[in-house]
file run.cif (mmCIF, C-alpha atoms (C1' of nucleotides))
data_run
#
loop_
_atom_site.label_atom_id
_atom_site.label_comp_id
_atom_site.auth_asym_id
_atom_site.auth_seq_id
_atom_site.Cartn_x
_atom_site.Cartn_y
_atom_site.Cartn_z
CA MET I 1 204.50 -58.84 1.48
CA PRO I 2 207.36 -60.50 -0.35
CA SER I 3 210.61 -58.62 0.05
CA ARG I 4 211.43 -58.71 -3.62
CA GLN I 5 208.29 -56.91 -4.69
CA ASN I 6 208.58 -54.62 -1.73
CA ILE I 7 212.04 -53.56 -2.86
CA LEU I 8 210.90 -52.94 -6.41
CA ASN I 9 208.07 -50.74 -5.21
CA ALA I 10 210.42 -48.74 -3.01
CA ALA I 11 212.89 -48.41 -5.87
CA GLY I 12 210.15 -47.10 -8.15
CA ALA I 13 209.05 -44.52 -5.63
CA ILE I 14 212.56 -43.33 -4.79
CA LEU I 15 213.96 -43.32 -8.31
CA ALA I 16 210.99 -41.37 -9.62
CA ARG I 17 212.02 -38.48 -7.41
CA ASN I 18 215.79 -38.96 -7.55
CA PRO I 19 217.23 -40.91 -10.47
CA GLY I 20 220.62 -41.10 -8.81
CA ALA I 21 219.44 -42.47 -5.49
CA SER I 22 221.84 -44.89 -3.81
CA VAL I 23 221.12 -48.52 -3.06
CA ALA I 24 221.24 -47.60 0.62
CA GLU I 25 218.38 -45.15 0.23
CA ILE I 26 216.28 -47.66 -1.63
CA ALA I 27 216.94 -50.38 0.93
CA ALA I 28 216.00 -47.99 3.72
CA LYS I 29 212.76 -47.05 1.99
CA ALA I 30 211.96 -50.72 1.58
CA GLY I 31 212.69 -51.28 5.25
CA VAL I 32 215.31 -53.86 4.40
CA GLY I 33 219.05 -54.23 4.91
CA ARG I 34 221.35 -53.29 2.09
CA ALA I 35 222.86 -56.77 2.04
CA THR I 36 219.42 -58.30 1.74
CA LEU I 37 218.71 -56.17 -1.29
CA TYR I 38 221.89 -57.47 -2.90
CA ARG I 39 220.71 -61.03 -2.29
CA PHE I 40 217.76 -60.39 -4.58
CA PHE I 41 219.55 -58.21 -7.11
CA PRO I 42 223.25 -58.83 -7.79
CA THR I 43 223.87 -55.26 -8.92
CA ARG I 44 222.09 -51.95 -8.78
CA ASN I 45 221.64 -52.11 -12.50
CA ASP I 46 220.02 -55.53 -12.29
CA MET I 47 217.48 -54.06 -9.93
CA VAL I 48 216.70 -51.08 -12.11
CA ARG I 49 216.53 -53.24 -15.19
CA THR I 50 214.19 -55.68 -13.49
CA LEU I 51 212.02 -52.79 -12.39
CA ALA I 52 211.90 -51.42 -15.90
CA LEU I 53 211.11 -54.73 -17.57
CA ASP I 54 208.58 -55.48 -14.87
CA SER I 55 206.89 -52.19 -15.56
CA LEU I 56 206.68 -52.90 -19.26
CA ARG I 57 205.16 -56.28 -18.58
CA GLN I 58 202.64 -54.79 -16.17
CA ILE I 59 201.57 -52.24 -18.76
CA ASP I 60 201.31 -55.02 -21.33
CA GLU I 61 199.04 -57.05 -19.11
CA ALA I 62 196.88 -54.04 -18.39
CA THR I 63 196.48 -53.01 -22.00
CA GLN I 64 195.92 -56.50 -23.29
CA ALA I 65 193.14 -56.89 -20.76
CA VAL I 66 191.23 -54.22 -22.64
CA SER I 67 188.89 -55.95 -25.03
CA TYR I 68 189.24 -53.90 -28.17
CA GLU I 69 186.53 -55.80 -29.96
CA SER I 70 183.54 -54.39 -28.17
CA LEU I 71 184.88 -50.86 -27.80
CA THR I 72 185.54 -47.88 -30.00
CA ALA I 73 189.18 -46.85 -30.15
CA GLU I 74 188.34 -43.83 -28.05
CA GLN I 75 186.79 -46.00 -25.36
CA ALA I 76 189.80 -48.30 -25.48
CA LEU I 77 192.10 -45.35 -24.86
CA ALA I 78 189.91 -44.29 -21.95
CA GLN I 79 190.26 -47.75 -20.45
CA ILE I 80 194.00 -47.82 -20.93
CA VAL I 81 194.48 -44.41 -19.37
CA LYS I 82 192.28 -45.37 -16.49
CA ILE I 83 194.40 -48.45 -15.86
CA ILE I 84 197.82 -46.91 -16.29
CA VAL I 85 197.42 -43.67 -14.35
CA PRO I 86 196.93 -45.36 -10.97
CA LEU I 87 200.14 -47.27 -11.49
CA GLY I 88 202.15 -44.06 -11.69
CA ASP I 89 204.49 -44.61 -8.81
CA ARG I 90 205.84 -47.72 -10.42
CA PHE I 91 206.70 -46.26 -13.80
CA ARG I 92 207.47 -42.64 -13.37
CA PHE I 93 211.15 -43.37 -12.84
CA LEU I 94 211.43 -44.65 -16.39
CA ALA I 95 211.41 -41.14 -17.76
CA ASN I 96 214.98 -40.52 -16.65
CA GLU I 97 217.05 -43.64 -16.32
CA PRO I 98 219.53 -43.41 -19.19
CA ALA I 99 221.17 -46.71 -18.30
CA VAL I 100 217.91 -48.56 -18.79
CA LEU I 101 216.68 -46.55 -21.73
CA ASN I 102 219.57 -47.91 -23.75
CA ASP I 103 219.05 -51.50 -22.74
CA PRO I 104 218.16 -53.40 -25.92
CA GLU I 105 215.39 -55.50 -24.42
CA PHE I 106 213.78 -52.55 -22.70
CA LYS I 107 214.16 -50.40 -25.77
CA ALA I 108 212.43 -52.99 -27.92
CA GLY I 109 209.55 -53.40 -25.53
CA SER I 110 209.15 -49.70 -25.06
CA GLU I 111 209.11 -49.04 -28.77
CA ARG I 112 206.59 -51.77 -29.31
CA GLN I 113 204.28 -50.19 -26.77
CA SER I 114 204.61 -46.76 -28.35
CA LEU I 115 203.78 -48.41 -31.64
CA GLU I 116 200.67 -50.04 -30.23
CA LEU I 117 199.63 -46.67 -28.93
CA ALA I 118 200.28 -45.22 -32.37
CA GLU I 119 198.00 -47.85 -33.88
CA LEU I 120 195.28 -46.95 -31.43
CA VAL I 121 195.72 -43.32 -32.41
CA GLU I 122 195.30 -44.21 -36.06
CA ALA I 123 192.18 -46.15 -35.24
CA MET I 124 190.83 -43.10 -33.48
CA LYS I 125 191.58 -40.98 -36.51
CA ALA I 126 189.75 -43.50 -38.66
CA GLU I 127 186.69 -43.49 -36.46
CA GLY I 128 186.69 -39.70 -36.29
CA SER I 129 187.49 -39.26 -32.62
CA MET I 130 190.81 -37.66 -33.40
CA ASP I 131 191.94 -34.93 -35.76
CA GLN I 132 193.50 -36.52 -38.83
CA ALA I 133 195.59 -33.42 -39.36
CA VAL I 134 197.51 -34.06 -36.16
CA SER I 135 200.54 -36.26 -36.70
CA THR I 136 200.40 -39.60 -34.97
CA ALA I 137 203.77 -38.94 -33.38
CA TRP I 138 202.51 -35.78 -31.73
CA ALA I 139 199.33 -37.47 -30.59
CA VAL I 140 201.37 -40.20 -28.93
CA ALA I 141 203.65 -37.62 -27.33
CA THR I 142 200.63 -35.72 -26.04
CA ILE I 143 199.03 -38.81 -24.56
CA GLU I 144 202.23 -39.87 -22.83
CA ALA I 145 202.88 -36.35 -21.57
CA LEU I 146 199.42 -36.04 -20.04
CA ILE I 147 199.69 -39.40 -18.35
CA TYR I 148 202.96 -38.21 -16.89
CA ALA I 149 201.34 -34.94 -15.84
CA ALA I 150 198.61 -36.89 -14.09
CA TRP I 151 201.21 -38.85 -12.17
CA THR I 152 203.11 -35.82 -10.98
CA SER I 153 199.94 -33.91 -10.16
CA VAL I 154 198.72 -36.72 -7.96
CA ASP I 155 202.15 -36.92 -6.40
CA ASP I 156 202.30 -33.26 -5.43
CA GLY I 157 198.72 -33.31 -4.24
CA SER I 158 197.30 -30.83 -6.72
CA VAL I 159 194.95 -33.42 -8.22
CA ALA I 160 192.94 -36.04 -6.38
CA ARG I 161 194.00 -39.59 -7.15
CA ARG I 162 190.53 -40.66 -8.24
CA ASP I 163 190.18 -37.74 -10.66
CA ALA I 164 193.54 -37.97 -12.37
CA ALA I 165 192.78 -40.51 -15.07
CA ALA I 166 189.52 -38.90 -16.21
CA LEU I 167 191.17 -35.49 -16.21
CA ALA I 168 194.08 -36.65 -18.34
CA PHE I 169 191.79 -38.48 -20.72
CA ARG I 170 189.40 -35.58 -21.19
CA THR I 171 192.26 -33.18 -21.79
CA MET I 172 194.00 -35.36 -24.37
CA ILE I 173 190.78 -36.17 -26.20
CA LYS I 174 189.70 -32.58 -26.47
CA GLY I 175 193.20 -31.44 -27.29
CA LEU I 176 193.53 -33.87 -30.16
CA GLN I 177 190.03 -33.70 -31.54
CA ALA I 178 189.24 -32.02 -34.81
CA GLN I 179 187.99 -28.50 -34.29
CA GLU I 180 184.50 -27.96 -35.70
CA SER I 181 184.46 -24.22 -35.24
CA GLY I 182 186.63 -21.69 -33.45
CA PRO I 183 184.66 -21.37 -30.21
CA THR I 184 186.62 -18.56 -28.56
CA SER I 185 188.54 -16.07 -30.60
CA SER I 186 192.07 -16.17 -31.91
CA ALA I 187 194.10 -19.38 -31.59
CA LYS I 188 194.70 -18.90 -35.26
CA THR I 189 197.30 -16.16 -34.91
CA ARG I 190 199.70 -18.05 -37.11
CA GLU I 191 201.96 -16.03 -39.33
CA LYS I 192 203.66 -17.63 -42.26
CA THR I 193 206.87 -19.23 -40.98
CA ALA I 194 209.14 -16.41 -42.07
CA MET T 195 232.00 -18.17 -28.39
CA PRO T 196 232.71 -17.50 -24.75
CA SER T 197 233.70 -20.64 -22.93
CA ARG T 198 231.46 -20.02 -19.99
CA GLN T 199 228.28 -19.88 -22.02
CA ASN T 200 229.54 -22.72 -24.16
CA ILE T 201 229.91 -24.90 -21.08
CA LEU T 202 226.45 -24.03 -19.81
CA ASN T 203 224.91 -24.95 -23.15
CA ALA T 204 226.75 -28.26 -23.21
CA ALA T 205 225.71 -28.96 -19.64
CA GLY T 206 222.07 -28.29 -20.52
CA ALA T 207 222.19 -30.63 -23.47
CA ILE T 208 223.97 -33.43 -21.61
CA LEU T 209 222.07 -33.20 -18.35
CA ALA T 210 218.75 -33.22 -20.17
CA ARG T 211 219.55 -36.70 -21.41
CA ASN T 212 221.50 -37.94 -18.40
CA PRO T 213 220.94 -36.20 -15.08
CA GLY T 214 223.91 -37.97 -13.51
CA ALA T 215 226.43 -37.08 -16.19
CA SER T 216 229.96 -36.50 -14.93
CA VAL T 217 231.86 -33.24 -15.21
CA ALA T 218 234.20 -35.00 -17.63
CA GLU T 219 231.35 -35.73 -20.03
CA ILE T 220 230.13 -32.18 -19.91
CA ALA T 221 233.61 -30.76 -20.47
CA ALA T 222 234.08 -33.11 -23.42
CA LYS T 223 230.77 -32.03 -24.95
CA ALA T 224 231.80 -28.40 -24.52
CA GLY T 225 235.13 -29.17 -26.18
CA VAL T 226 236.98 -27.95 -23.15
CA GLY T 227 239.34 -29.43 -20.57
CA ARG T 228 237.97 -30.54 -17.27
CA ALA T 229 240.33 -28.21 -15.41
CA THR T 230 239.13 -25.30 -17.50
CA LEU T 231 235.56 -26.04 -16.56
CA TYR T 232 236.53 -25.94 -12.90
CA ARG T 233 238.07 -22.51 -13.44
CA PHE T 234 234.65 -21.18 -14.34
CA PHE T 235 232.61 -23.19 -11.86
CA PRO T 236 234.23 -24.14 -8.52
CA THR T 237 232.04 -27.20 -8.10
CA ARG T 238 229.72 -29.29 -10.18
CA ASN T 239 226.83 -28.07 -8.13
CA ASP T 240 227.77 -24.45 -8.76
CA MET T 241 227.59 -25.14 -12.46
CA VAL T 242 224.21 -26.84 -12.28
CA ARG T 243 222.87 -24.16 -10.01
CA THR T 244 224.10 -21.43 -12.31
CA LEU T 245 222.50 -23.20 -15.23
CA ALA T 246 219.22 -23.49 -13.38
CA LEU T 247 219.12 -19.89 -12.20
CA ASP T 248 220.20 -18.76 -15.64
CA SER T 249 217.32 -20.66 -17.15
CA LEU T 250 214.83 -19.09 -14.80
CA ARG T 251 216.13 -15.63 -15.61
CA GLN T 252 215.94 -16.35 -19.32
CA ILE T 253 212.34 -17.45 -19.04
CA ASP T 254 211.59 -14.35 -16.98
CA GLU T 255 213.03 -12.08 -19.64
CA ALA T 256 211.09 -13.86 -22.33
CA THR T 257 207.77 -13.73 -20.54
CA GLN T 258 208.16 -10.16 -19.38
CA ALA T 259 208.81 -9.17 -22.96
CA VAL T 260 205.23 -10.17 -23.73
CA SER T 261 203.10 -7.06 -23.56
CA TYR T 262 200.04 -8.25 -21.74
CA GLU T 263 198.23 -4.95 -22.21
CA SER T 264 197.43 -5.25 -25.87
CA LEU T 265 196.74 -8.98 -25.88
CA THR T 266 194.08 -11.35 -24.66
CA ALA T 267 195.31 -13.86 -22.09
CA GLU T 268 195.05 -16.54 -24.74
CA GLN T 269 197.26 -14.59 -27.09
CA ALA T 270 199.72 -13.95 -24.29
CA LEU T 271 199.96 -17.69 -23.65
CA ALA T 272 200.53 -18.27 -27.35
CA GLN T 273 203.41 -15.80 -27.28
CA ILE T 274 204.94 -17.33 -24.18
CA VAL T 275 204.76 -20.84 -25.57
CA LYS T 276 206.25 -19.67 -28.83
CA ILE T 277 209.17 -18.14 -26.96
CA ILE T 278 209.83 -20.93 -24.49
CA VAL T 279 209.59 -23.97 -26.74
CA PRO T 280 212.62 -23.07 -28.87
CA LEU T 281 214.70 -22.78 -25.71
CA GLY T 282 214.06 -26.41 -24.82
CA ASP T 283 217.60 -27.68 -24.80
CA ARG T 284 218.54 -25.24 -22.12
CA PHE T 285 215.79 -26.09 -19.65
CA ARG T 286 214.82 -29.64 -20.14
CA PHE T 287 217.39 -30.79 -17.59
CA LEU T 288 215.48 -28.97 -14.86
CA ALA T 289 212.84 -31.67 -14.78
CA ASN T 290 215.11 -34.07 -12.91
CA GLU T 291 217.83 -32.41 -10.92
CA PRO T 292 216.81 -33.07 -7.33
CA ALA T 293 219.82 -31.20 -5.96
CA VAL T 294 218.71 -28.01 -7.68
CA LEU T 295 215.01 -28.48 -7.16
CA ASN T 296 215.59 -28.12 -3.42
CA ASP T 297 217.74 -25.04 -3.72
CA PRO T 298 215.84 -22.24 -1.94
CA GLU T 299 216.53 -19.54 -4.50
CA PHE T 300 215.64 -21.77 -7.42
CA LYS T 301 212.58 -23.08 -5.64
CA ALA T 302 211.33 -19.57 -5.00
CA GLY T 303 211.84 -18.49 -8.59
CA SER T 304 210.29 -21.62 -9.95
CA GLU T 305 207.23 -21.32 -7.78
CA ARG T 306 206.82 -17.70 -8.70
CA GLN T 307 206.82 -18.63 -12.37
CA SER T 308 204.25 -21.35 -11.87
CA LEU T 309 202.17 -18.79 -10.03
CA GLU T 310 202.40 -16.32 -12.86
CA LEU T 311 201.29 -19.06 -15.20
CA ALA T 312 198.41 -19.81 -12.86
CA GLU T 313 197.37 -16.16 -12.99
CA LEU T 314 197.42 -16.27 -16.76
CA VAL T 315 195.24 -19.37 -16.62
CA GLU T 316 192.75 -17.57 -14.41
CA ALA T 317 192.70 -14.66 -16.80
CA MET T 318 191.92 -17.08 -19.60
CA LYS T 319 189.08 -18.54 -17.59
CA ALA T 320 187.75 -15.05 -17.00
CA GLU T 321 187.86 -14.17 -20.69
CA GLY T 322 186.26 -17.47 -21.63
CA SER T 323 189.15 -19.06 -23.46
CA MET T 324 189.49 -21.78 -20.88
CA ASP T 325 187.06 -24.09 -19.15
CA GLN T 326 186.28 -22.73 -15.70
CA ALA T 327 185.51 -26.24 -14.51
CA VAL T 328 189.12 -27.29 -14.99
CA SER T 329 191.23 -26.67 -11.91
CA THR T 330 193.97 -24.13 -12.36
CA ALA T 331 196.51 -26.60 -11.04
CA TRP T 332 195.65 -29.12 -13.71
CA ALA T 333 195.68 -26.47 -16.41
CA VAL T 334 199.17 -25.43 -15.36
CA ALA T 335 200.30 -29.06 -15.26
CA THR T 336 198.89 -29.60 -18.75
CA ILE T 337 200.60 -26.55 -20.17
CA GLU T 338 203.95 -27.49 -18.67
CA ALA T 339 203.60 -31.10 -19.77
CA LEU T 340 202.87 -30.14 -23.37
CA ILE T 341 205.80 -27.74 -23.48
CA TYR T 342 207.94 -30.60 -22.26
CA ALA T 343 206.43 -32.91 -24.86
CA ALA T 344 207.25 -30.38 -27.55
CA TRP T 345 210.87 -30.31 -26.41
CA THR T 346 211.29 -34.06 -26.44
CA SER T 347 209.46 -34.44 -29.74
CA VAL T 348 211.77 -31.96 -31.40
CA ASP T 349 214.70 -33.72 -29.81
CA ASP T 350 213.82 -37.15 -31.14
CA GLY T 351 212.95 -35.74 -34.53
CA SER T 352 209.28 -36.65 -34.56
CA VAL T 353 208.19 -33.02 -34.78
CA ALA T 354 209.77 -30.25 -36.82
CA ARG T 355 211.34 -27.52 -34.74
CA ARG T 356 209.31 -24.76 -36.36
CA ASP T 357 206.01 -26.59 -35.77
CA ALA T 358 206.52 -27.54 -32.15
CA ALA T 359 205.30 -24.38 -30.42
CA ALA T 360 202.12 -24.03 -32.47
CA LEU T 361 201.37 -27.71 -32.01
CA ALA T 362 201.76 -27.56 -28.26
CA PHE T 363 199.71 -24.39 -28.03
CA ARG T 364 196.85 -25.68 -30.14
CA THR T 365 196.72 -28.91 -28.19
CA MET T 366 196.68 -27.26 -24.79
CA ILE T 367 194.10 -24.66 -25.81
CA LYS T 368 191.73 -27.20 -27.24
CA GLY T 369 192.33 -29.59 -24.39
CA LEU T 370 191.49 -27.00 -21.77
CA GLN T 371 188.66 -25.23 -23.52
CA ALA T 372 185.07 -25.57 -22.41
CA GLN T 373 183.24 -28.13 -24.47
CA GLU T 374 180.25 -26.70 -26.31
CA SER T 375 178.86 -30.03 -27.48
CA GLY T 376 180.10 -33.58 -27.61
CA PRO T 377 181.38 -33.72 -31.20
CA THR T 378 182.32 -37.39 -31.34
CA SER T 379 180.63 -39.90 -29.13
CA SER T 380 181.50 -40.95 -25.60
CA ALA T 381 184.15 -39.04 -23.68
CA LYS T 382 181.48 -38.74 -21.07
CA THR T 383 181.76 -42.30 -19.81
CA ARG T 384 182.15 -41.15 -16.25
CA GLU T 385 180.65 -43.35 -13.62
CA LYS T 386 179.98 -42.00 -10.18
CA THR T 387 183.19 -42.40 -8.22
CA ALA T 388 182.11 -45.60 -6.49
"C1'" DC L 389 213.45 -77.01 22.59
"C1'" DT L 390 216.61 -77.63 18.69
"C1'" DT L 391 217.98 -76.83 14.13
"C1'" DA L 392 218.12 -74.48 9.86
"C1'" DA L 393 217.48 -70.56 7.14
"C1'" DT L 394 217.01 -65.75 6.58
"C1'" DT L 395 217.93 -61.33 7.96
"C1'" DG L 396 220.25 -56.73 9.38
"C1'" DA L 397 224.34 -54.49 10.59
"C1'" DG L 398 228.72 -53.50 9.74
"C1'" DA L 399 233.65 -54.12 8.03
"C1'" DC L 400 236.10 -54.22 3.90
"C1'" DA L 401 238.15 -53.60 -0.77
"C1'" DT L 402 237.17 -51.48 -5.13
"C1'" DA L 403 235.68 -48.31 -8.56
"C1'" DC L 404 234.56 -43.95 -9.94
"C1'" DA L 405 233.71 -39.00 -9.76
"C1'" DT L 406 235.06 -34.86 -7.58
"C1'" DG L 407 238.07 -31.15 -6.76
"C1'" DT L 408 243.17 -29.49 -6.51
"C1'" DC L 409 247.47 -28.86 -8.40
"C1'" DC L 410 251.19 -28.58 -11.76
"C1'" DC L 411 253.22 -28.00 -16.20
"C1'" DA L 412 253.94 -27.82 -20.98
"C1'" DA L 413 251.57 -26.22 -25.18
"C1'" DA L 414 248.86 -22.89 -27.41
"C1'" DA L 415 246.82 -18.60 -27.94
"C1'" DT L 416 247.10 -13.71 -27.25
"C1'" DA L 417 249.30 -9.23 -26.54
"C1'" DG L 418 252.92 -6.21 -26.81
"C1'" DC K 419 259.86 -12.32 -31.88
"C1'" DT K 420 259.02 -12.13 -26.84
"C1'" DA K 421 256.19 -11.93 -22.74
"C1'" DT K 422 251.83 -12.97 -20.65
"C1'" DT K 423 247.75 -15.38 -20.21
"C1'" DT K 424 244.86 -19.10 -20.93
"C1'" DT K 425 244.31 -23.66 -21.97
"C1'" DG K 426 244.39 -28.96 -21.95
"C1'" DG K 427 246.15 -33.04 -19.97
"C1'" DG K 428 247.49 -35.62 -16.36
"C1'" DA K 429 248.84 -36.76 -11.53
"C1'" DC K 430 246.93 -36.69 -7.11
"C1'" DA K 431 244.14 -37.00 -2.80
"C1'" DT K 432 239.46 -37.36 -1.20
"C1'" DG K 433 234.80 -38.81 -0.77
"C1'" DT K 434 231.10 -41.63 -1.79
"C1'" DA K 435 228.65 -45.58 -3.65
"C1'" DT K 436 229.15 -50.25 -5.05
"C1'" DG K 437 229.56 -55.03 -4.30
"C1'" DT K 438 231.52 -58.89 -1.11
"C1'" DC K 439 231.90 -60.88 3.12
"C1'" DT K 440 231.28 -62.20 8.02
"C1'" DC K 441 228.56 -62.68 12.04
"C1'" DA K 442 225.14 -62.26 15.51
"C1'" DA K 443 220.19 -61.95 15.95
"C1'" DT K 444 215.80 -63.11 14.46
"C1'" DT K 445 212.59 -66.06 12.46
"C1'" DA K 446 210.69 -70.39 10.86
"C1'" DA K 447 210.60 -75.39 10.88
"C1'" DG K 448 211.15 -79.77 12.76
#

call {"tool": "encode", "arguments": {"input": "run.cif", "output": "structure tokens"}}
result
Amino acid sequence: MPSRQNILNAAGAILARNPGASVAEIAAKAGVGRATLYRFFPTRNDMVRTLALDSLRQIDEATQAVSYESLTAEQALAQIVKIIVPLGDRFRFLANEPAVLNDPEFKAGSERQSLELAELVEAMKAEGSMDQAVSTAWAVATIEALIYAAWTSVDDGSVARRDAAALAFRTMIKGLQAQESGPTSSAKTREKTA
Amino acid sequence: MPSRQNILNAAGAILARNPGASVAEIAAKAGVGRATLYRFFPTRNDMVRTLALDSLRQIDEATQAVSYESLTAEQALAQIVKIIVPLGDRFRFLANEPAVLNDPEFKAGSERQSLELAELVEAMKAEGSMDQAVSTAWAVATIEALIYAAWTSVDDGSVARRDAAALAFRTMIKGLQAQESGPTSSAKTREKTA
DNA sequence: CTTAATTGAGACATACATGTCCCAAAATAG
DNA sequence: CTATTTTGGGACATGTATGTCTCAATTAAG
């Protein structure tokens, strides 16, 4: 268990729950001296940045491992969700680290990934597994939000780890599918935007 | 424009985007001197706490204004979502303020609200507007995640403010509804949990 | 066993944010 | 216009986290 990776894992876990956690807390969680941590990462920001970039790369590897050729877009999304959800504790911190979110390199990578997801969404629309009337931006937001929900639900124990990915996937697919007929009742109580 | 409220609004907007923002930043955003801010709120934590408790109260007022008697549970949820989504900028900060999340009073109020939402979910299951096979915890997580997604989407401009609530509601309803038949193709690629 | 390298603990200076205080300028009241 | 209150800006002390450094203990290597 290399210290460096160990520290990054601890940082991910701590920062997910407290964005402003001190280096001391992170070192303690990693079971390592504070000075040792500084030997691997010159500054706190270097550590967070490394963690962020590392996370992007890990997601890249995971998604690129999905062979789009032999799968429908819907199946590809299922695969991606299934891969990313278990990695939650490493990425959840990204949601609220303003220092990193403005880093040019991270920003570029993050936007590229959202774009890839957007392309997948468009492919799903094309193949009919997603409602064409839903904007791609909202579809992407929904997918990301449900992945995040899966992470937090696993974290607080309300959802079993092994169920989380399938649950998130089913919910996003159904939520974004075209509606054939109104199964229940209302849901159409939409007044004109006065 | 009373300064006190003005400060709380600024704090909500700033803290949503940067949980660790300094009092100076918040005062600047509010167009007020730092000393003036301290005249209203003795400590930074008092301010954040006030903001949090204020937000809870505001949500309470909004939800209690929904007359459950004359509505189905589904319609009640639609109303609640429609009320809460426009208030996004005031509450979004709550997602990541560990200091406040551990405050007993806030914790109690927050849990009570989640519980009320859970009861609404159960009512929807009973009336058939939600899949009984979906755990209530996951349904609540989904609803909260999509409200959050609506907030951020409005914030980054990818969704129009007036569309956000309806979009979130439609997505959560469809996502959590019982599936009558598999409209597309797979979505049922669930192996036995090996 | 001896040597070299790595580690954890702590001292230390520094930077930054908090919270207090004071005062002159501006707004408000009379 | 004058008196009172409120405000903004800045000086100030304090606390806490950062980043550097030293050193003794542990570990690994020979």

call {"tool": "interface_residues", "arguments": {"input": "run.cif", "of": "chain L", "to": "chain T", "cutoff": "12 Å", "atoms": "all atoms listed in the file", "output": "JSON, numbers by chain"}}
result
{"L": [404, 405, 406, 407, 408, 409, 410]}

call {"tool": "write_last_selection", "arguments": {"input": "run.cif", "atoms": "C-alpha atoms (C1' of nucleotides)", "output": "mmCIF file, in the coordinates of the input"}}
result
data_model
loop_
_atom_site.group_PDB
_atom_site.id
_atom_site.type_symbol
_atom_site.label_atom_id
_atom_site.label_comp_id
_atom_site.auth_asym_id
_atom_site.auth_seq_id
_atom_site.Cartn_x
_atom_site.Cartn_y
_atom_site.Cartn_z
ATOM 1 C "C1'" DC L 404 234.560 -43.950 -9.940
ATOM 2 C "C1'" DA L 405 233.710 -39.000 -9.760
ATOM 3 C "C1'" DT L 406 235.060 -34.860 -7.580
ATOM 4 C "C1'" DG L 407 238.070 -31.150 -6.760
ATOM 5 C "C1'" DT L 408 243.170 -29.490 -6.510
ATOM 6 C "C1'" DC L 409 247.470 -28.860 -8.400
ATOM 7 C "C1'" DC L 410 251.190 -28.580 -11.760
#

call {"tool": "residues_near_point", "arguments": {"input": "run.cif", "point": "(203.9, -24.8, -30.1)", "cutoff": "8 Å", "atoms": "only C-alpha atoms (C1' of nucleotides)", "output": "JSON, numbers by chain"}}
result
{"T": [272, 275, 276, 279, 341, 344, 357, 358, 359, 360, 361, 362, 363, 364]}

call {"tool": "interface_residues", "arguments": {"input": "run.cif", "of": "chain K", "to": "chain I", "cutoff": "12 Å", "atoms": "only C-alpha atoms (C1' of nucleotides)", "output": "short mmCIF file (atom, residue, chain, number, x, y, z; two decimals) with C-alpha atoms (C1' of nucleotides), in the frame of the given file"}}
result
data_model
loop_
_atom_site.label_atom_id
_atom_site.label_comp_id
_atom_site.auth_asym_id
_atom_site.auth_seq_id
_atom_site.Cartn_x
_atom_site.Cartn_y
_atom_site.Cartn_z
"C1'" DT K 434 231.10 -41.63 -1.79
"C1'" DA K 435 228.65 -45.58 -3.65
"C1'" DT K 436 229.15 -50.25 -5.05
"C1'" DG K 437 229.56 -55.03 -4.30
"C1'" DT K 438 231.52 -58.89 -1.11
"C1'" DC K 439 231.90 -60.88 3.12
"C1'" DT K 440 231.28 -62.20 8.02
#

call {"tool": "interface_residues", "arguments": {"input": "run.cif", "of": "chain T", "to": "chain I", "cutoff": "9 Å", "atoms": "all atoms listed in the file", "output": "ChimeraX atom specification"}}
result
/T:210-214,266,268-269,272,290-293,322-324,328-329,331-332,335-336,338-340,342-344,346-347,352-353,356,360-374,377-384,387

call {"tool": "atom_distance", "arguments": {"input": "run.cif", "atom1": "CA of Leu271 in chain T", "atom2": "CA of Arg251 in chain T"}}
result
18.2 Å

call {"tool": "closest_residue", "arguments": {"input": "run.cif", "among": "T:Gln273, T:Thr230, T:Asn203, T:Ser308", "to": "Ala246 in chain T", "atoms": "all atoms listed in the file"}}
result
T:Asn203

call {"tool": "atom_distance", "arguments": {"input": "run.cif", "atom1": "CA of Lys301 in chain T", "atom2": "CA of Asp240 in chain T"}}
result
15.6 Å

call {"tool": "resolve_selection", "arguments": {"input": "run.cif", "expression": "the PyMOL selection byres ((chain L and resi 389-395) around 12)", "output": "PyMOL selection string"}}
result
(chain I and resi 3+31-37+39) or (chain L and resi 396-397) or (chain K and resi 441-448)

call {"tool": "resolve_selection", "arguments": {"input": "run.cif", "expression": "the PyMOL selection byres ((chain I and resi 60) around 12)", "output": "PyMOL selection string"}}
result
chain I and resi 53-59+61-66+80+83-84+109-110+112-114+116-117

call {"tool": "atom_distance", "arguments": {"input": "run.cif", "atom1": "C1' of DT420 in chain K", "atom2": "C1' of DT416 in chain L"}}
result
12.0 Å

call {"tool": "resolve_selection", "arguments": {"input": "run.cif", "expression": "the PyMOL selection byres ((chain L and resi 413) around 9)", "output": "ChimeraX atom specification"}}
result
/L:412,414 /K:425-426

call {"tool": "axis_aligned_box", "arguments": {"input": "run.cif", "around": "range 389-408 of chain L", "padding_each_side": "5 Å", "output": "AutoDock Vina command-line options"}}
result
--center_x 228.3 --center_y -53.6 --center_z 6.3 --size_x 39.7 --size_y 58.1 --size_z 42.5

call {"tool": "residues_around", "arguments": {"input": "run.cif", "residues": "Ile220 in chain T", "least_positions_apart": "6", "cutoff": "9 Å", "atoms": "only C-alpha atoms (C1' of nucleotides)", "output": "list in words"}}
result
Ile201, Leu202, Ala204, Ala205, Gly206, Ala207, Ile208, Leu209, Val226, Arg228 and Leu231 of chain T
